$ cat run-v4.pdb   # PDB, C-alpha atoms, pLDDT in the B column
ATOM      1  CA  MET A 167      50.715   3.783  -2.429  1.00 54.00           C
ATOM      2  CA  ASN A 168      50.098   3.558  -6.175  1.00 57.00           C
ATOM      3  CA  ASN A 169      47.038   4.919  -8.002  1.00 58.00           C
ATOM      4  CA  ALA A 170      45.281   1.546  -8.014  1.00 56.00           C
ATOM      5  CA  GLY A 171      45.740   1.214  -4.254  1.00 57.00           C
ATOM      6  CA  THR A 172      44.468   4.757  -3.655  1.00 58.00           C
ATOM      7  CA  PHE A 173      41.423   4.125  -5.845  1.00 55.00           C
ATOM      8  CA  TYR A 174      40.689   0.829  -4.106  1.00 55.00           C
ATOM      9  CA  SER A 175      41.010   2.400  -0.677  1.00 58.00           C
ATOM     10  CA  ALA A 176      38.688   5.296  -1.587  1.00 54.00           C
ATOM     11  CA  PHE A 177      36.212   2.869  -3.158  1.00 51.00           C
ATOM     12  CA  MET A 178      36.149   0.677  -0.067  1.00 54.00           C
ATOM     13  CA  ARG A 179      35.585   3.686   2.226  1.00 58.00           C
ATOM     14  CA  SER A 180      32.684   4.840   0.014  1.00 56.00           C
ATOM     15  CA  ALA A 181      31.211   1.353  -0.126  1.00 50.00           C
ATOM     16  CA  GLY A 182      31.530   1.022   3.644  1.00 50.00           C
ATOM     17  CA  LEU A 183      29.782   4.349   4.181  1.00 48.00           C
ATOM     18  CA  PHE A 184      26.990   3.319   1.813  1.00 51.00           C
ATOM     19  CA  LEU A 185      26.523  -0.019   3.567  1.00 48.00           C
ATOM     20  CA  ALA A 186      26.548   1.671   6.960  1.00 47.00           C
ATOM     21  CA  CYS A 187      23.779   4.062   5.864  1.00 46.00           C
ATOM     22  CA  LEU A 188      21.709   1.427   4.086  1.00 46.00           C
ATOM     23  CA  PRO A 189      19.758   0.242   7.169  1.00 50.00           C
ATOM     24  CA  PHE A 190      18.767   3.816   7.967  1.00 48.00           C
ATOM     25  CA  ILE A 191      17.551   4.388   4.407  1.00 46.00           C
ATOM     26  CA  ALA A 192      15.519   1.175   4.464  1.00 45.00           C
ATOM     27  CA  CYS A 193      14.207   1.768   7.989  1.00 47.00           C
ATOM     28  CA  SER A 194      12.900   5.242   7.263  1.00 50.00           C
ATOM     29  CA  ASN A 195      10.187   3.743   5.053  1.00 52.00           C
ATOM     30  CA  LEU A 196       9.410   1.195   7.765  1.00 56.00           C
ATOM     31  CA  PHE A 197       8.896   3.845  10.431  1.00 61.00           C
ATOM     32  CA  GLU A 198       7.037   6.251   8.161  1.00 76.00           C
ATOM     33  CA  GLY A 199       5.128   3.574   6.275  1.00 90.00           C
ATOM     34  CA  LYS A 200       2.109   3.167   8.549  1.00 95.00           C
ATOM     35  CA  PRO A 201       1.071   6.867   8.523  1.00 96.00           C
ATOM     36  CA  HIS A 202       1.423   6.944   4.735  1.00 96.00           C
ATOM     37  CA  ALA A 203      -0.670   3.782   4.426  1.00 97.00           C
ATOM     38  CA  GLU A 204      -3.344   5.217   6.733  1.00 97.00           C
ATOM     39  CA  LYS A 205      -3.590   8.214   4.395  1.00 97.00           C
ATOM     40  CA  GLY A 206      -3.854   5.735   1.526  1.00 98.00           C
ATOM     41  CA  VAL A 207      -6.884   4.091   3.156  1.00 98.00           C
ATOM     42  CA  VAL A 208      -8.562   7.492   3.604  1.00 98.00           C
ATOM     43  CA  GLN A 209      -7.893   8.344  -0.051  1.00 98.00           C
ATOM     44  CA  PHE A 210      -9.154   4.917  -1.199  1.00 98.00           C
ATOM     45  CA  HIS A 211     -12.406   5.346   0.743  1.00 98.00           C
ATOM     46  CA  GLU A 212     -12.931   8.911  -0.509  1.00 98.00           C
ATOM     47  CA  GLN A 213     -12.470   7.762  -4.099  1.00 98.00           C
ATOM     48  CA  PHE A 214     -14.630   4.685  -3.463  1.00 98.00           C
ATOM     49  CA  ASN A 215     -17.453   6.803  -2.029  1.00 98.00           C
ATOM     50  CA  SER A 216     -17.249   9.104  -5.070  1.00 98.00           C
ATOM     51  CA  ARG A 217     -17.217   6.089  -7.415  1.00 98.00           C
ATOM     52  CA  LYS A 218     -13.787   7.106  -8.745  1.00 98.00           C
ATOM     53  CA  PHE A 219     -12.774   3.508  -9.272  1.00 98.00           C
ATOM     54  CA  SER A 220     -10.634   4.370 -12.314  1.00 98.00           C
ATOM     55  CA  ASP A 221      -8.618   6.770 -10.148  1.00 98.00           C
ATOM     56  CA  ILE A 222      -8.050   4.055  -7.544  1.00 98.00           C
ATOM     57  CA  TYR A 223      -6.785   1.730 -10.264  1.00 98.00           C
ATOM     58  CA  GLY A 224      -4.753   4.401 -12.036  1.00 98.00           C
ATOM     59  CA  ASN A 225      -2.917   5.431  -8.865  1.00 97.00           C
ATOM     60  CA  ALA A 226      -2.195   1.853  -7.782  1.00 98.00           C
ATOM     61  CA  HIS A 227       1.217   0.180  -7.893  1.00 98.00           C
ATOM     62  CA  ASP A 228       2.070  -2.026 -10.879  1.00 97.00           C
ATOM     63  CA  ASP A 229       1.825  -5.085  -8.596  1.00 97.00           C
ATOM     64  CA  PHE A 230      -1.881  -4.345  -8.199  1.00 98.00           C
ATOM     65  CA  LYS A 231      -2.389  -3.704 -11.908  1.00 98.00           C
ATOM     66  CA  ASN A 232      -0.619  -6.969 -12.729  1.00 98.00           C
ATOM     67  CA  SER A 233      -2.983  -8.859 -10.415  1.00 97.00           C
ATOM     68  CA  ILE A 234      -6.270  -7.629 -11.918  1.00 98.00           C
ATOM     69  CA  SER A 235      -7.262  -5.927 -15.145  1.00 98.00           C
ATOM     70  CA  LYS A 236      -8.810  -2.482 -15.028  1.00 98.00           C
ATOM     71  CA  VAL A 237     -12.121  -3.826 -16.380  1.00 98.00           C
ATOM     72  CA  LYS A 238     -12.288  -6.561 -13.702  1.00 98.00           C
ATOM     73  CA  PHE A 239     -11.406  -4.108 -10.924  1.00 98.00           C
ATOM     74  CA  LEU A 240     -14.076  -1.656 -12.095  1.00 98.00           C
ATOM     75  CA  GLU A 241     -16.645  -4.471 -12.106  1.00 98.00           C
ATOM     76  CA  PHE A 242     -15.539  -5.611  -8.644  1.00 98.00           C
ATOM     77  CA  ALA A 243     -15.506  -2.120  -7.082  1.00 98.00           C
ATOM     78  CA  SER A 244     -18.886  -1.307  -8.642  1.00 98.00           C
ATOM     79  CA  ALA A 245     -20.382  -4.501  -7.192  1.00 97.00           C
ATOM     80  CA  VAL A 246     -19.013  -3.733  -3.720  1.00 98.00           C
ATOM     81  CA  HIS A 247     -20.399  -0.188  -3.917  1.00 98.00           C
ATOM     82  CA  ARG A 248     -23.775  -1.383  -5.222  1.00 97.00           C
ATOM     83  CA  LYS A 249     -24.179  -4.031  -2.512  1.00 97.00           C
ATOM     84  CA  LEU A 250     -22.627  -2.283   0.514  1.00 98.00           C
ATOM     85  CA  GLY A 251     -22.923   1.413  -0.313  1.00 98.00           C
ATOM     86  CA  THR A 252     -20.568   4.130   0.822  1.00 98.00           C
ATOM     87  CA  VAL A 253     -18.062   3.846   3.643  1.00 98.00           C
ATOM     88  CA  VAL A 254     -19.470   5.317   6.854  1.00 98.00           C
ATOM     89  CA  LYS A 255     -16.702   4.455   9.317  1.00 98.00           C
ATOM     90  CA  THR A 256     -13.512   2.427   9.417  1.00 98.00           C
ATOM     91  CA  GLU A 257     -11.274   1.346  12.286  1.00 98.00           C
ATOM     92  CA  ASN A 258      -7.841  -0.202  12.208  1.00 97.00           C
ATOM     93  CA  ALA A 259      -7.975  -3.825  13.319  1.00 97.00           C
ATOM     94  CA  GLY A 260      -4.294  -4.636  12.846  1.00 97.00           C
ATOM     95  CA  TRP A 261      -1.233  -3.774  10.844  1.00 97.00           C
ATOM     96  CA  ARG A 262       2.262  -4.889   9.948  1.00 96.00           C
ATOM     97  CA  VAL A 263       5.208  -3.423   8.095  1.00 96.00           C
ATOM     98  CA  ASN A 264       7.717  -5.534   6.172  1.00 94.00           C
ATOM     99  CA  SER A 265      10.738  -4.721   4.084  1.00 90.00           C
ATOM    100  CA  HIS A 266      11.887  -6.806   1.137  1.00 85.00           C
ATOM    101  CA  ASN A 267      14.702  -5.730  -1.186  1.00 86.00           C
ATOM    102  CA  LEU A 268      14.607  -2.195   0.247  1.00 85.00           C
ATOM    103  CA  THR A 269      10.875  -1.935  -0.469  1.00 91.00           C
ATOM    104  CA  ALA A 270       8.531  -1.257   2.437  1.00 95.00           C
ATOM    105  CA  TYR A 271       5.207  -3.081   2.452  1.00 97.00           C
ATOM    106  CA  VAL A 272       2.454  -2.003   4.835  1.00 98.00           C
ATOM    107  CA  VAL A 273      -0.604  -4.171   5.436  1.00 98.00           C
ATOM    108  CA  LEU A 274      -3.565  -2.565   7.203  1.00 98.00           C
ATOM    109  CA  GLN A 275      -6.587  -4.552   8.350  1.00 98.00           C
ATOM    110  CA  GLN A 276      -9.712  -2.422   8.662  1.00 98.00           C
ATOM    111  CA  SER A 277     -13.116  -3.139  10.198  1.00 98.00           C
ATOM    112  CA  THR A 278     -15.368  -1.039   8.003  1.00 98.00           C
ATOM    113  CA  LYS A 279     -19.005  -0.011   8.344  1.00 98.00           C
ATOM    114  CA  PHE A 280     -20.698   0.714   5.034  1.00 98.00           C
ATOM    115  CA  LYS A 281     -24.125   2.276   4.550  1.00 98.00           C
ATOM    116  CA  ASP A 282     -25.669  -1.149   3.875  1.00 97.00           C
ATOM    117  CA  GLY A 283     -23.369  -3.579   5.673  1.00 97.00           C
ATOM    118  CA  THR A 284     -19.961  -4.280   7.143  1.00 98.00           C
ATOM    119  CA  GLY A 285     -16.712  -5.656   5.843  1.00 98.00           C
ATOM    120  CA  ASP A 286     -13.227  -6.610   6.911  1.00 98.00           C
ATOM    121  CA  GLU A 287     -10.819  -4.965   4.486  1.00 98.00           C
ATOM    122  CA  VAL A 288      -7.146  -5.742   3.994  1.00 98.00           C
ATOM    123  CA  PHE A 289      -5.022  -3.138   2.228  1.00 98.00           C
ATOM    124  CA  THR A 290      -1.456  -3.774   1.097  1.00 98.00           C
ATOM    125  CA  PHE A 291       0.574  -0.703   0.218  1.00 98.00           C
ATOM    126  CA  ILE A 292       4.069  -0.246  -1.148  1.00 97.00           C
ATOM    127  CA  ILE A 293       5.704   2.903   0.187  1.00 96.00           C
ATOM    128  CA  LYS A 294       7.545   4.767  -2.548  1.00 93.00           C
ATOM    129  CA  ASP A 295       8.726   8.379  -2.422  1.00 91.00           C
ATOM    130  CA  ASN A 296       6.794   8.929   0.826  1.00 91.00           C
ATOM    131  CA  LYS A 297       3.566   7.845  -0.823  1.00 94.00           C
ATOM    132  CA  ALA A 298       1.458   4.730  -0.295  1.00 97.00           C
ATOM    133  CA  LEU A 299       0.692   2.907  -3.536  1.00 98.00           C
ATOM    134  CA  LEU A 300      -2.045   0.288  -3.427  1.00 98.00           C
ATOM    135  CA  ALA A 301      -0.554  -3.142  -4.097  1.00 98.00           C
ATOM    136  CA  GLY A 302      -3.414  -5.323  -2.866  1.00 98.00           C
ATOM    137  CA  TYR A 303      -7.006  -5.107  -1.666  1.00 98.00           C
ATOM    138  CA  ASN A 304      -9.301  -7.733  -0.188  1.00 98.00           C
ATOM    139  CA  ILE A 305     -12.703  -7.496   1.449  1.00 98.00           C
ATOM    140  CA  ASN A 306     -14.665 -10.099   3.377  1.00 98.00           C
ATOM    141  CA  SER A 307     -18.335  -9.335   3.903  1.00 97.00           C
ATOM    142  CA  ASN A 308     -21.358 -11.575   4.371  1.00 96.00           C
ATOM    143  CA  GLU A 309     -23.613  -8.882   2.888  1.00 94.00           C
ATOM    144  CA  LEU A 310     -21.420  -8.718  -0.194  1.00 92.00           C
ATOM    145  CA  ILE A 311     -21.981 -12.417  -0.839  1.00 90.00           C
ATOM    146  CA  ILE A 312     -25.646 -12.674   0.175  1.00 90.00           C
ATOM    147  CA  ARG A 313     -26.982  -9.624  -1.687  1.00 78.00           C
TER     148      ARG A 313
END

$ encode --input "run-v4.pdb" --output "structure tokens"
Amino acid sequence: MNNAGTFYSAFMRSAGLFLACLPFIACSNLFEGKPHAEKGVVQFHEQFNSRKFSDIYGNAHDDFKNSISKVKFLEFASAVHRKLGTVVKTENAGWRVNSHNLTAYVVLQQSTKFKDGTGDEVFTFIIKDNKALLAGYNINSNELIIR
């Protein structure tokens, strides 16, 4: 076999090995994603309760930062805190894990009791380097609208 044939053969074996391992690399974030996201919710609520809204924004994924400016997020988070108060208790109400282009997305739905009301929160996290980065946040609360 000539040098070109040897190179091609070695390249194809390496490419085959890479492709064979690819599902396991992608799946590890899928299996580990939910626990990381649950830690992300705890961290979000701790920072929220301490009014560290800038830290929430600063640690978020670029997808989140591209969806809302820092000033608008600070206004929003301050309004939620002012109207609902601190988080007292939260329970998972549903979850799902997706993978797109080797990126794991975890969506957690939380039923949350605040000091002055309740809310249904939806967190979207991107799992990167075994860490959950906030990519989306939504809250539905009657008290938030009425007050």

$ resolve_selection --input "run-v4.pdb" --expression "the PyMOL selection byres ((chain A and resi 263-280) around 6)" --output "PDB file with C-alpha atoms, in the frame of the given file"
ATOM      1  CA  ALA A 192      15.519   1.175   4.464  1.00 45.00           C
ATOM      2  CA  ASN A 195      10.187   3.743   5.053  1.00 52.00           C
ATOM      3  CA  LEU A 196       9.410   1.195   7.765  1.00 56.00           C
ATOM      4  CA  LEU A 250     -22.627  -2.283   0.514  1.00 98.00           C
ATOM      5  CA  GLY A 251     -22.923   1.413  -0.313  1.00 98.00           C
ATOM      6  CA  THR A 252     -20.568   4.130   0.822  1.00 98.00           C
ATOM      7  CA  VAL A 253     -18.062   3.846   3.643  1.00 98.00           C
ATOM      8  CA  VAL A 254     -19.470   5.317   6.854  1.00 98.00           C
ATOM      9  CA  LYS A 255     -16.702   4.455   9.317  1.00 98.00           C
ATOM     10  CA  THR A 256     -13.512   2.427   9.417  1.00 98.00           C
ATOM     11  CA  GLU A 257     -11.274   1.346  12.286  1.00 98.00           C
ATOM     12  CA  ASN A 258      -7.841  -0.202  12.208  1.00 97.00           C
ATOM     13  CA  ALA A 259      -7.975  -3.825  13.319  1.00 97.00           C
ATOM     14  CA  GLY A 260      -4.294  -4.636  12.846  1.00 97.00           C
ATOM     15  CA  TRP A 261      -1.233  -3.774  10.844  1.00 97.00           C
ATOM     16  CA  ARG A 262       2.262  -4.889   9.948  1.00 96.00           C
ATOM     17  CA  LYS A 281     -24.125   2.276   4.550  1.00 98.00           C
ATOM     18  CA  ASP A 282     -25.669  -1.149   3.875  1.00 97.00           C
ATOM     19  CA  GLY A 283     -23.369  -3.579   5.673  1.00 97.00           C
ATOM     20  CA  THR A 284     -19.961  -4.280   7.143  1.00 98.00           C
ATOM     21  CA  GLY A 285     -16.712  -5.656   5.843  1.00 98.00           C
ATOM     22  CA  ASP A 286     -13.227  -6.610   6.911  1.00 98.00           C
ATOM     23  CA  GLU A 287     -10.819  -4.965   4.486  1.00 98.00           C
ATOM     24  CA  VAL A 288      -7.146  -5.742   3.994  1.00 98.00           C
ATOM     25  CA  PHE A 289      -5.022  -3.138   2.228  1.00 98.00           C
ATOM     26  CA  THR A 290      -1.456  -3.774   1.097  1.00 98.00           C
ATOM     27  CA  PHE A 291       0.574  -0.703   0.218  1.00 98.00           C
ATOM     28  CA  ILE A 292       4.069  -0.246  -1.148  1.00 97.00           C
ATOM     29  CA  ILE A 293       5.704   2.903   0.187  1.00 96.00           C
TER      30      ILE A 293
END

$ resolve_selection --input "run-v4.pdb" --expression "the PyMOL selection byres ((chain A and resi 245) around 12)" --output "ChimeraX atom specification"
/A:214,217,219,238-244,246-252,305,309-311,313

$ atom_distance --input "run-v4.pdb" --atom1 "atom CA of Leu300 of chain A" --atom2 "atom CA of Phe230 of chain A"
6.7 Å

$ closest_residue --input "run-v4.pdb" --among "A:Ile234, A:His227, A:Ile312, A:Asp221" --to "Gln209 of chain A" --atoms "all atoms listed in the file"
A:Asp221

$ atom_distance --input "run-v4.pdb" --atom1 "atom CA of Leu299 of chain A" --atom2 "atom CA of Ala226 of chain A"
5.2 Å

$ atom_distance --input "run-v4.pdb" --atom1 "atom CA of Val237 of chain A" --atom2 "atom CA of Gly224 of chain A"
11.9 Å

$ closest_residue --input "run-v4.pdb" --among "A:Val207, A:Ala301, A:Gly199, A:Lys294" --to "Asn232 of chain A" --atoms "all atoms listed in the file"
A:Ala301

$ closest_residue --input "run-v4.pdb" --among "A:Asn225, A:Ser220, A:Ser233, A:Gln213" --to "Lys297 of chain A" --atoms "all atoms listed in the file"
A:Asn225

$ axis_aligned_box --input "run-v4.pdb" --around "segment 273-276 of chain A" --padding-each-side "8 Å" --output "lines of an AutoDock Vina configuration file"
center_x = -5.2
center_y = -3.5
center_z = 7.0
size_x = 25.1
size_y = 18.1
size_z = 19.2
